[in-house]
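Enquirer: Contents of structure_16.cif (mmCIF, C-alpha atoms) are below:
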```
data_structure
#
loop_
_atom_site.label_atom_id
_atom_site.label_comp_id
_atom_site.auth_asym_id
_atom_site.auth_seq_id
_atom_site.Cartn_x
_atom_site.Cartn_y
_atom_site.Cartn_z
CA MET A 22 10.87 7.78 -2.96
CA SER A 23 11.07 11.12 -1.25
CA PHE A 24 9.07 13.97 0.15
CA SER A 25 9.60 17.63 -0.57
CA ILE A 26 8.05 20.39 1.48
CA LYS A 27 7.52 23.99 0.43
CA LYS A 28 5.39 26.91 1.57
CA GLN A 29 2.88 28.54 -0.76
CA GLY A 30 1.56 31.51 1.14
CA GLU A 31 0.40 30.13 4.48
CA ILE A 32 -0.06 26.59 3.14
CA VAL A 33 2.53 23.85 3.60
CA VAL A 34 2.64 21.78 0.40
CA VAL A 35 4.10 18.28 0.54
CA ASP A 36 4.95 16.41 -2.68
CA VAL A 37 5.10 12.62 -2.41
CA GLU A 38 7.47 11.26 -5.05
CA GLY A 39 7.33 7.48 -5.52
CA GLN A 40 5.56 5.17 -3.08
CA LEU A 41 4.04 5.95 0.31
CA ILE A 42 4.47 2.64 2.08
CA VAL A 43 5.51 1.01 5.33
CA GLY A 44 9.19 1.71 4.69
CA ASN A 45 8.92 5.51 4.44
CA ARG A 46 5.64 6.57 6.05
CA GLN A 47 7.34 7.63 9.31
CA GLU A 48 9.49 10.07 7.38
CA LEU A 49 6.39 11.77 5.97
CA LYS A 50 4.71 11.77 9.36
CA GLN A 51 7.69 13.34 11.10
CA LYS A 52 8.14 16.03 8.44
CA VAL A 53 4.51 17.12 8.71
CA LEU A 54 4.49 16.94 12.52
CA ASP A 55 7.64 19.12 12.61
CA GLU A 56 5.82 21.76 10.56
CA LEU A 57 2.76 21.47 12.82
CA GLU A 58 4.95 21.98 15.85
CA ARG A 59 6.45 25.07 14.20
CA GLY A 60 2.96 26.54 14.11
CA GLU A 61 1.84 25.69 10.59
CA ARG A 62 -1.86 24.80 10.35
CA LYS A 63 -2.75 24.45 6.66
CA PHE A 64 -1.39 21.42 4.85
CA LEU A 65 -1.75 20.11 1.31
CA ILE A 66 -0.33 16.76 0.23
CA ASP A 67 0.08 16.51 -3.55
CA PHE A 68 0.15 13.00 -5.06
CA ALA A 69 0.87 13.99 -8.67
CA GLN A 70 4.16 12.10 -8.58
CA THR A 71 3.05 9.21 -6.38
CA GLY A 72 3.06 5.55 -7.43
CA TYR A 73 1.15 3.44 -4.96
CA ILE A 74 0.12 3.77 -1.31
CA ASP A 75 -0.24 0.85 1.08
CA SER A 76 -2.40 0.54 4.19
CA SER A 77 0.29 1.95 6.46
CA GLY A 78 0.61 4.96 4.17
CA LEU A 79 -3.14 5.47 4.35
CA GLY A 80 -2.92 5.05 8.13
CA VAL A 81 -0.36 7.85 8.38
CA LEU A 82 -2.61 10.17 6.40
CA VAL A 83 -5.49 9.39 8.77
CA SER A 84 -3.25 9.95 11.79
CA LEU A 85 -1.92 13.26 10.45
CA SER A 86 -5.41 14.43 9.61
CA LYS A 87 -6.50 13.82 13.20
CA LYS A 88 -3.46 15.51 14.73
CA ILE A 89 -3.76 18.56 12.47
CA ARG A 90 -7.49 18.88 13.22
CA GLU A 91 -6.77 18.63 16.95
CA GLN A 92 -4.55 21.69 16.56
CA GLY A 93 -7.25 23.59 14.68
CA GLY A 94 -5.69 23.01 11.29
CA GLU A 95 -6.64 21.32 8.03
CA LEU A 96 -5.11 18.65 5.81
CA ARG A 97 -6.22 18.43 2.20
CA LEU A 98 -5.15 16.19 -0.67
CA ALA A 99 -4.69 16.77 -4.39
CA ASN A 100 -3.88 15.03 -7.67
CA LEU A 101 -4.94 11.45 -6.93
CA ASN A 102 -4.78 9.46 -10.15
CA ASP A 103 -7.54 6.96 -11.00
CA ASP A 104 -5.88 4.11 -9.11
CA LEU A 105 -5.17 6.14 -5.99
CA ARG A 106 -8.72 7.48 -6.07
CA THR A 107 -9.98 3.88 -6.28
CA LEU A 108 -7.87 3.05 -3.23
CA PHE A 109 -9.44 5.92 -1.27
CA GLU A 110 -12.92 4.87 -2.43
CA LEU A 111 -12.39 1.22 -1.49
CA THR A 112 -11.43 2.26 2.03
CA LYS A 113 -14.00 5.08 2.11
CA LEU A 114 -11.22 7.49 3.00
CA ASP A 115 -12.55 9.70 0.22
CA THR A 116 -15.25 10.58 2.78
CA LEU A 117 -12.68 11.63 5.39
CA PHE A 118 -10.49 13.90 3.26
CA GLN A 119 -11.19 16.89 1.08
CA ILE A 120 -9.63 15.87 -2.24
CA SER A 121 -9.05 18.23 -5.17
CA ASP A 122 -8.28 17.34 -8.77
CA THR A 123 -5.45 19.85 -9.05
CA ARG A 124 -3.00 21.60 -6.77
CA ASP A 125 -4.37 25.02 -7.75
CA ARG A 126 -7.90 24.04 -6.84
CA ALA A 127 -6.71 22.62 -3.53
CA LEU A 128 -4.74 25.77 -2.72
CA ALA A 129 -7.74 27.93 -3.56
CA SER A 130 -10.01 25.81 -1.35
CA PHE A 131 -8.37 26.78 1.95
CA MET B 241 4.92 -3.62 -21.88
CA VAL B 242 4.60 -6.51 -24.32
CA PRO B 243 1.27 -6.36 -26.13
CA THR B 244 -1.05 -9.34 -25.85
CA ASN B 245 -0.70 -11.65 -28.80
CA SER B 246 -1.20 -15.30 -29.62
CA ASN B 247 2.44 -16.00 -28.72
CA ASP B 248 1.61 -15.26 -25.07
CA ALA B 249 -0.59 -18.36 -24.85
CA GLY B 250 1.22 -20.98 -22.82
CA LEU B 251 3.85 -18.51 -21.66
CA ARG B 252 4.54 -18.62 -17.94
CA VAL B 253 6.92 -16.58 -15.84
CA SER B 254 8.06 -18.05 -12.53
CA LEU B 255 9.96 -16.04 -9.99
CA SER B 256 11.44 -16.94 -6.62
CA VAL B 257 12.85 -14.30 -4.29
CA GLU B 258 14.17 -14.56 -0.75
CA ILE B 259 14.62 -11.44 1.36
CA PRO B 260 15.67 -10.54 4.90
CA SER B 261 12.92 -9.48 7.30
CA ASP B 262 13.33 -5.82 6.42
CA VAL B 263 10.59 -3.61 4.94
CA ALA B 264 13.23 -1.84 2.83
CA TYR B 265 13.08 -4.82 0.43
CA ILE B 266 9.34 -4.63 -0.23
CA GLU B 267 9.46 -2.19 -3.13
CA ARG B 268 12.04 -4.26 -5.04
CA VAL B 269 10.04 -7.47 -4.71
CA VAL B 270 6.90 -5.66 -5.82
CA ASP B 271 8.74 -4.29 -8.86
CA LEU B 272 9.96 -7.78 -9.86
CA VAL B 273 6.47 -9.30 -9.70
CA ARG B 274 4.91 -6.30 -11.38
CA LEU B 275 7.42 -6.52 -14.22
CA SER B 276 6.49 -10.17 -14.76
CA CYS B 277 2.82 -9.20 -14.95
CA ALA B 278 3.62 -6.39 -17.36
CA GLU B 279 5.41 -8.84 -19.64
CA LEU B 280 2.17 -10.79 -19.87
CA ALA B 281 0.09 -7.68 -20.55
CA TYR B 282 -1.83 -7.42 -17.29
CA ASN B 283 -3.91 -4.25 -17.41
CA ALA B 284 -2.77 -0.88 -16.14
CA HIS B 285 -4.93 -0.98 -13.00
CA HIS B 286 -3.60 -4.39 -12.04
CA LEU B 287 -0.05 -3.10 -12.50
CA ALA B 288 -0.55 0.18 -10.65
CA LEU B 289 -2.99 -0.81 -7.91
CA ASN B 290 -4.00 -4.44 -7.37
CA VAL B 291 -0.62 -6.13 -7.59
CA PRO B 292 1.60 -3.59 -5.83
CA VAL B 293 -0.76 -2.78 -2.97
CA ALA B 294 -1.87 -6.35 -2.20
CA LEU B 295 1.68 -7.69 -2.44
CA SER B 296 3.04 -4.87 -0.28
CA GLU B 297 0.47 -5.73 2.38
CA ALA B 298 1.34 -9.43 2.34
CA LEU B 299 5.06 -8.70 2.49
CA SER B 300 4.78 -6.23 5.33
CA ASN B 301 2.60 -8.68 7.28
CA ALA B 302 5.21 -11.41 6.78
CA ILE B 303 8.10 -9.15 7.78
CA LEU B 304 6.49 -7.28 10.68
CA ARG B 305 3.90 -9.67 12.13
CA GLY B 306 5.25 -13.03 11.01
CA ASN B 307 8.99 -12.61 11.42
CA HIS B 308 8.93 -9.55 13.73
CA GLU B 309 11.79 -8.13 11.64
CA SER B 310 14.13 -10.77 13.04
CA PRO B 311 17.51 -10.79 11.27
CA ASP B 312 17.50 -14.58 11.70
CA LYS B 313 14.31 -15.07 9.71
CA ARG B 314 13.66 -14.83 5.97
CA VAL B 315 10.67 -14.15 3.76
CA ARG B 316 10.32 -16.29 0.65
CA VAL B 317 8.25 -15.21 -2.32
CA HIS B 318 7.26 -17.37 -5.26
CA ALA B 319 5.20 -16.00 -8.13
CA ASP B 320 3.74 -17.82 -11.13
CA VAL B 321 2.34 -15.56 -13.82
CA ASP B 322 0.67 -16.65 -17.02
CA THR B 323 -1.95 -15.25 -19.35
CA THR B 324 -4.72 -16.56 -17.10
CA ARG B 325 -3.69 -15.50 -13.62
CA LEU B 326 -1.07 -14.43 -11.13
CA VAL B 327 -0.45 -16.69 -8.13
CA VAL B 328 2.04 -15.35 -5.61
CA GLU B 329 2.93 -17.04 -2.34
CA ILE B 330 4.60 -15.21 0.54
CA ALA B 331 6.11 -17.43 3.24
CA ASP B 332 7.22 -16.26 6.66
CA GLU B 333 8.73 -18.10 9.65
CA GLY B 334 6.21 -16.88 12.17
CA VAL B 335 3.62 -18.31 14.52
CA ARG B 336 0.54 -19.78 12.86
CA PHE B 337 -2.34 -17.33 12.49
CA ASP B 338 -5.96 -17.64 11.41
CA LEU B 339 -6.52 -15.51 8.34
CA ASP B 340 -10.26 -16.11 8.38
CA ALA B 341 -10.59 -14.82 11.95
CA ASP B 342 -9.88 -11.27 10.79
CA THR B 343 -13.02 -10.09 9.05
CA ARG B 344 -12.86 -6.46 10.11
CA ASP B 345 -14.51 -4.08 7.65
CA ALA B 346 -12.21 -1.06 7.38
CA THR B 347 -15.03 1.01 5.88
CA ARG B 348 -17.38 0.82 8.89
CA GLU B 349 -17.87 4.17 10.55
CA GLU B 350 -16.11 3.13 13.75
CA ASN B 351 -13.04 2.01 11.78
CA ILE B 352 -12.65 4.85 9.28
CA GLU B 353 -10.42 6.94 11.53
CA ARG B 354 -8.29 4.03 12.68
CA GLU B 355 -4.66 4.22 11.67
CA ASP B 356 -4.37 0.44 11.26
CA GLY B 357 -6.55 -2.45 10.15
CA ARG B 358 -6.72 -1.94 6.38
CA GLY B 359 -4.05 -4.42 5.22
CA LEU B 360 -6.00 -7.66 4.96
CA PHE B 361 -9.11 -5.74 3.94
CA LEU B 362 -7.23 -4.31 0.95
CA MET B 363 -5.71 -7.67 0.01
CA ARG B 364 -9.20 -9.17 -0.17
CA LYS B 365 -10.55 -6.23 -2.16
CA LEU B 366 -7.70 -6.18 -4.66
CA MET B 367 -7.15 -9.92 -5.20
CA ASP B 368 -9.61 -12.58 -6.37
CA GLU B 369 -8.53 -14.91 -3.59
CA VAL B 370 -6.43 -14.69 -0.42
CA GLN B 371 -5.57 -17.96 1.30
CA ARG B 372 -3.29 -19.09 4.12
CA PHE B 373 -1.47 -22.42 4.49
CA ASP B 374 1.15 -23.90 6.74
CA THR B 375 4.58 -24.02 5.13
CA PRO B 376 5.18 -27.41 3.45
CA PRO B 377 7.02 -30.21 5.33
CA GLY B 378 10.75 -29.81 5.14
CA GLN B 379 10.63 -26.03 5.26
CA THR B 380 10.97 -23.84 8.34
CA ALA B 381 7.58 -23.74 10.06
CA GLY B 382 5.54 -20.68 9.23
CA ASN B 383 2.70 -19.27 7.21
CA VAL B 384 2.20 -19.13 3.47
CA VAL B 385 -0.20 -16.49 2.19
CA ARG B 386 -1.32 -17.10 -1.38
CA LEU B 387 -2.69 -14.24 -3.48
CA THR B 388 -4.50 -15.05 -6.71
CA LEU B 389 -5.46 -12.51 -9.36
CA THR B 390 -7.16 -13.39 -12.63
CA ARG B 391 -5.91 -11.42 -15.62
CA ALA B 392 -8.76 -9.26 -16.86
#
```
Now that the file is in, can you turn its structure into structure tokens?
Expert:
Amino acid sequence: MSFSIKKQGEIVVVDVEGQLIVGNRQELKQKVLDELERGERKFLIDFAQTGYIDSSGLGVLVSLSKKIREQGGELRLANLNDDLRTLFELTKLDTLFQISDTRDRALASF
Amino acid sequence: MVPTNSNDAGLRVSLSVEIPSDVAYIERVVDLVRLSCAELAYNAHHLALNVPVALSEALSNAILRGNHESPDKRVRVHADVDTTRLVVEIADEGVRFDLDADTRDATREENIEREDGRGLFLMRKLMDEVQRFDTPPGQTAGNVVRLTLTRA
């Protein structure tokens, strides 16, 4: 499991490879917060290569969303497979995040 | 994955795993149980969502809340998988807790933006049954959480 960060224009794109769970969520949080501190304000997390997400992983996404909004920025999500989408629907987090089917659509939505 | 066939009837996979109180072990335990379910042709959603997420929650509760990540305490996992259902028990060495006392609905408006509080909620949503017992006599005192999932 790992996270890779790249810039596409003015958007910071984070790829989550593998699981987003209690054992690695702090790593994701810190990487995004470092970018926020550097002045970045538009963030996209892409789950195309993600396995499963546990409650602490969901919690980090909620926390990051709040912190980015507090700084006047936006966090959007893309490429949730059917099971991840079910997870967001079960927890109603699909109502909190703007979720796009593809990375391109998400990038175009900012 | 082994396809379902008549030879699966009566087949049972039992698995016992003991791990230190360290969240780094969660993914490996999940993979072992998930592999057992795959061998018995549990469906793709069970393998990708129900089993890994619910088991991750139970394991992290045992490690973080039950054992407080103590190097002196262990988490024991026993899974029985057959063509009817998965039963997995996660035992910690922590202080007794009341599973039924936590009925928080993570989807209520006042809880949506909380960072925590979705673990037990998800276990209940993703499993057919979530129960808690005291560890049996003769074992270190603690909690056993039993997750049951019927094979669809």
Enquirer: How far is it from CA of Leu387 (chain B) to CA of Glu258 (chain B), in Å with one decimal?
Expert: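 Result for CA of Leu387 (chain B) versus CA of Glu258 (chain B): 17.1 Å, one decimal.
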Enquirer: Would you translate the PyMOL selection byres ((chain B) within 6 of (chain A)) into the concrete set of residues it matches in this file, as a ChimeraX atom specification?
Expert: /B:263-264,289,293,347,355-356,358-359
Enquirer: With C-alpha atoms retained, could you export that selection as a tab-separated table (two decimals), in the frame of the given file?
Expert:
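Ended up saving to selection.tsv:
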```tsv
chain	number	residue	atom	x	y	z
B	263	VAL	CA	10.59	-3.61	4.94
B	264	ALA	CA	13.23	-1.84	2.83
B	289	LEU	CA	-2.99	-0.81	-7.91
B	293	VAL	CA	-0.76	-2.78	-2.97
B	347	THR	CA	-15.03	1.01	5.88
B	355	GLU	CA	-4.66	4.22	11.67
B	356	ASP	CA	-4.37	0.44	11.26
B	358	ARG	CA	-6.72	-1.94	6.38
B	359	GLY	CA	-4.05	-4.42	5.22
```
Enquirer: Excluding same-chain residues fewer than 3 positions from Ser256 (chain B), what lies within 8 Å of it counting only C-alpha atoms, as a PDB file with C-alpha atoms, keeping the file's coordinate frame?
Expert:
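Output file selection.pdb is given in full below:
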```pdb
ATOM      1  CA  ARG B 316      10.320 -16.290   0.650  1.00  0.00           C
ATOM      2  CA  VAL B 317       8.250 -15.210  -2.320  1.00  0.00           C
ATOM      3  CA  HIS B 318       7.260 -17.370  -5.260  1.00  0.00           C
ATOM      4  CA  ALA B 319       5.200 -16.000  -8.130  1.00  0.00           C
TER       5      ALA B 319
END
```
Enquirer: Counting all atoms listed in the file, figure out which residue out of B:Ala288, B:Val257, B:Ala392, B:Ile266 gets nearest to Asn102 (chain A).
Expert: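 For Asn102 (chain A), the nearest of the candidates is B:Ala288.
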Enquirer: Report as a compact mmCIF listing (two decimals) with C-alpha atoms, keeping the file's coordinate frame all protein, DNA and RNA residues lying within 9 Å of Val53 (chain A), evaluated on all atoms listed in the file, omitting residues in the same chain fewer than 2 positions from it.
Expert:
```txt
# COMPACT_ATOMS: atom_id res chain seq x y z
CA ILE A 26 8.05 20.39 1.48
CA VAL A 33 2.53 23.85 3.60
CA VAL A 35 4.10 18.28 0.54
CA GLU A 48 9.49 10.07 7.38
CA LEU A 49 6.39 11.77 5.97
CA LYS A 50 4.71 11.77 9.36
CA GLN A 51 7.69 13.34 11.10
CA ASP A 55 7.64 19.12 12.61
CA GLU A 56 5.82 21.76 10.56
CA LEU A 57 2.76 21.47 12.82
CA GLU A 58 4.95 21.98 15.85
CA PHE A 64 -1.39 21.42 4.85
CA LEU A 85 -1.92 13.26 10.45
```
Enquirer: Taking (-0.9, 30.0, 0.9) in the coordinates of the supplied file, I want to know which residues reach to within 10 Å of it, counting only C-alpha atoms; could you give the answer as a list in words?
Expert: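 Within 10 Å of (-0.9, 30.0, 0.9), the protein and nucleic acid residues are Lys28, Gln29, Gly30, Glu31, Ile32, Val33, Val34, Lys63, Phe64, Leu65, Leu128, Ala129 and Phe131 of chain A.
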Enquirer: Applied to this file, what does the PyMOL selection byres ((chain B and resi 343-346) around 8) return in terms of residues, put as a PDB file with C-alpha atoms, in the coordinates of the input?
Expert:
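Now in expr.pdb:
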```pdb
ATOM      1  CA  THR A 112     -11.430   2.260   2.030  1.00  0.00           C
TER       2      THR A 112
ATOM      3  CA  ASP B 340     -10.260 -16.110   8.380  1.00  0.00           C
ATOM      4  CA  ALA B 341     -10.590 -14.820  11.950  1.00  0.00           C
ATOM      5  CA  ASP B 342      -9.880 -11.270  10.790  1.00  0.00           C
ATOM      6  CA  THR B 347     -15.030   1.010   5.880  1.00  0.00           C
ATOM      7  CA  ARG B 348     -17.380   0.820   8.890  1.00  0.00           C
ATOM      8  CA  ASN B 351     -13.040   2.010  11.780  1.00  0.00           C
ATOM      9  CA  ILE B 352     -12.650   4.850   9.280  1.00  0.00           C
ATOM     10  CA  GLY B 357      -6.550  -2.450  10.150  1.00  0.00           C
ATOM     11  CA  ARG B 358      -6.720  -1.940   6.380  1.00  0.00           C
ATOM     12  CA  PHE B 361      -9.110  -5.740   3.940  1.00  0.00           C
TER      13      PHE B 361
END
```
Enquirer: Which of these, A:Asn100, A:Ser130, A:Gln119, A:Gln92, has the shortest distance to Arg62 (chain A) once you count all atoms listed in the file?
Expert: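 So, comparing all the options, the nearest one is A:Gln92.
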Enquirer: Might you spell out which residues the PyMOL selection byres ((chain B and resi 302-313) around 6) would select in the displayed file, as a CSV table (one decimal) with C-alpha atoms, keeping the file's coordinate frame?
Expert:
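After the write, selection.csv holds the following:
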```csv
chain,number,residue,atom,x,y,z
B,261,SER,CA,12.9,-9.5,7.3
B,262,ASP,CA,13.3,-5.8,6.4
B,299,LEU,CA,5.1,-8.7,2.5
B,300,SER,CA,4.8,-6.2,5.3
B,301,ASN,CA,2.6,-8.7,7.3
B,314,ARG,CA,13.7,-14.8,6.0
B,332,ASP,CA,7.2,-16.3,6.7
B,333,GLU,CA,8.7,-18.1,9.6
B,334,GLY,CA,6.2,-16.9,12.2
```
Enquirer: Between A:Gly94, A:Phe109, A:Ser121, A:Asp36, which residue has the minimum interatomic distance to Thr71 (chain A), considering only C-alpha atoms?
Expert: A:Asp36
Enquirer: With distances taken over only C-alpha atoms, which residue among B:Asn283, B:Asp248, B:Val327, B:Ser296 lies nearest Leu41 (chain A)?
Expert: B:Ser296
Enquirer: Any chance you could export region 258-276 of chain B with N, CA, C and O atoms, as an mmCIF file, in the first residue's frame?
Expert:
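Written file, part-v2.cif:
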```cif
data_model
loop_
_atom_site.group_PDB
_atom_site.id
_atom_site.type_symbol
_atom_site.label_atom_id
_atom_site.label_comp_id
_atom_site.auth_asym_id
_atom_site.auth_seq_id
_atom_site.Cartn_x
_atom_site.Cartn_y
_atom_site.Cartn_z
ATOM 1 N N GLU B 258 -2.613 -15.982 15.527
ATOM 2 C CA GLU B 258 -2.354 -15.160 16.712
ATOM 3 C C GLU B 258 -1.373 -14.083 16.307
ATOM 4 O O GLU B 258 -0.365 -14.366 15.663
ATOM 5 N N ILE B 259 -1.704 -12.835 16.662
ATOM 6 C CA ILE B 259 -0.832 -11.722 16.245
ATOM 7 C C ILE B 259 -0.508 -10.823 17.439
ATOM 8 O O ILE B 259 -1.267 -10.767 18.410
ATOM 9 N N PRO B 260 0.611 -10.092 17.345
ATOM 10 C CA PRO B 260 0.884 -9.071 18.364
ATOM 11 C C PRO B 260 -0.145 -7.948 18.243
ATOM 12 O O PRO B 260 -0.860 -7.850 17.252
ATOM 13 N N SER B 261 -0.188 -7.102 19.239
ATOM 14 C CA SER B 261 -1.150 -5.985 19.240
ATOM 15 C C SER B 261 -0.604 -4.833 18.408
ATOM 16 O O SER B 261 -0.259 -3.767 18.931
ATOM 17 N N ASP B 262 -0.540 -5.059 17.114
ATOM 18 C CA ASP B 262 0.066 -4.104 16.192
ATOM 19 C C ASP B 262 -0.782 -4.070 14.918
ATOM 20 O O ASP B 262 -0.994 -5.107 14.278
ATOM 21 N N VAL B 263 -1.262 -2.876 14.568
ATOM 22 C CA VAL B 263 -2.169 -2.751 13.410
ATOM 23 C C VAL B 263 -1.498 -3.150 12.088
ATOM 24 O O VAL B 263 -2.187 -3.400 11.096
ATOM 25 N N ALA B 264 -0.173 -3.237 12.096
ATOM 26 C CA ALA B 264 0.529 -3.630 10.868
ATOM 27 C C ALA B 264 0.172 -5.055 10.439
ATOM 28 O O ALA B 264 0.385 -5.424 9.284
ATOM 29 N N TYR B 265 -0.374 -5.850 11.369
ATOM 30 C CA TYR B 265 -0.708 -7.245 11.050
ATOM 31 C C TYR B 265 -2.119 -7.413 10.477
ATOM 32 O O TYR B 265 -2.486 -8.489 10.018
ATOM 33 N N ILE B 266 -2.907 -6.361 10.522
ATOM 34 C CA ILE B 266 -4.323 -6.497 10.144
ATOM 35 C C ILE B 266 -4.492 -6.991 8.712
ATOM 36 O O ILE B 266 -5.253 -7.928 8.433
ATOM 37 N N GLU B 267 -3.777 -6.386 7.796
ATOM 38 C CA GLU B 267 -3.965 -6.710 6.376
ATOM 39 C C GLU B 267 -3.662 -8.182 6.102
ATOM 40 O O GLU B 267 -4.352 -8.828 5.306
ATOM 41 N N ARG B 268 -2.651 -8.727 6.768
ATOM 42 C CA ARG B 268 -2.288 -10.140 6.527
ATOM 43 C C ARG B 268 -3.357 -11.080 7.051
ATOM 44 O O ARG B 268 -3.665 -12.095 6.436
ATOM 45 N N VAL B 269 -3.925 -10.763 8.207
ATOM 46 C CA VAL B 269 -4.992 -11.612 8.745
ATOM 47 C C VAL B 269 -6.216 -11.554 7.829
ATOM 48 O O VAL B 269 -6.829 -12.575 7.513
ATOM 49 N N VAL B 270 -6.539 -10.345 7.390
ATOM 50 C CA VAL B 270 -7.676 -10.183 6.478
ATOM 51 C C VAL B 270 -7.456 -11.017 5.213
ATOM 52 O O VAL B 270 -8.360 -11.715 4.736
ATOM 53 N N ASP B 271 -6.246 -10.975 4.676
ATOM 54 C CA ASP B 271 -5.961 -11.732 3.452
ATOM 55 C C ASP B 271 -6.131 -13.241 3.673
ATOM 56 O O ASP B 271 -6.636 -13.949 2.805
ATOM 57 N N LEU B 272 -5.713 -13.736 4.835
ATOM 58 C CA LEU B 272 -5.837 -15.176 5.118
ATOM 59 C C LEU B 272 -7.309 -15.589 5.167
ATOM 60 O O LEU B 272 -7.694 -16.609 4.590
ATOM 61 N N VAL B 273 -8.120 -14.811 5.864
ATOM 62 C CA VAL B 273 -9.545 -15.156 5.980
ATOM 63 C C VAL B 273 -10.241 -15.006 4.627
ATOM 64 O O VAL B 273 -11.048 -15.838 4.215
ATOM 65 N N ARG B 274 -9.870 -13.956 3.921
ATOM 66 C CA ARG B 274 -10.485 -13.712 2.618
ATOM 67 C C ARG B 274 -10.136 -14.836 1.637
ATOM 68 O O ARG B 274 -10.976 -15.271 0.858
ATOM 69 N N LEU B 275 -8.929 -15.324 1.712
ATOM 70 C CA LEU B 275 -8.518 -16.429 0.835
ATOM 71 C C LEU B 275 -9.346 -17.678 1.127
ATOM 72 O O LEU B 275 -9.764 -18.402 0.211
ATOM 73 N N SER B 276 -9.595 -17.923 2.412
ATOM 74 C CA SER B 276 -10.430 -19.079 2.790
ATOM 75 C C SER B 276 -11.832 -18.931 2.212
ATOM 76 O O SER B 276 -12.414 -19.897 1.703
#
```
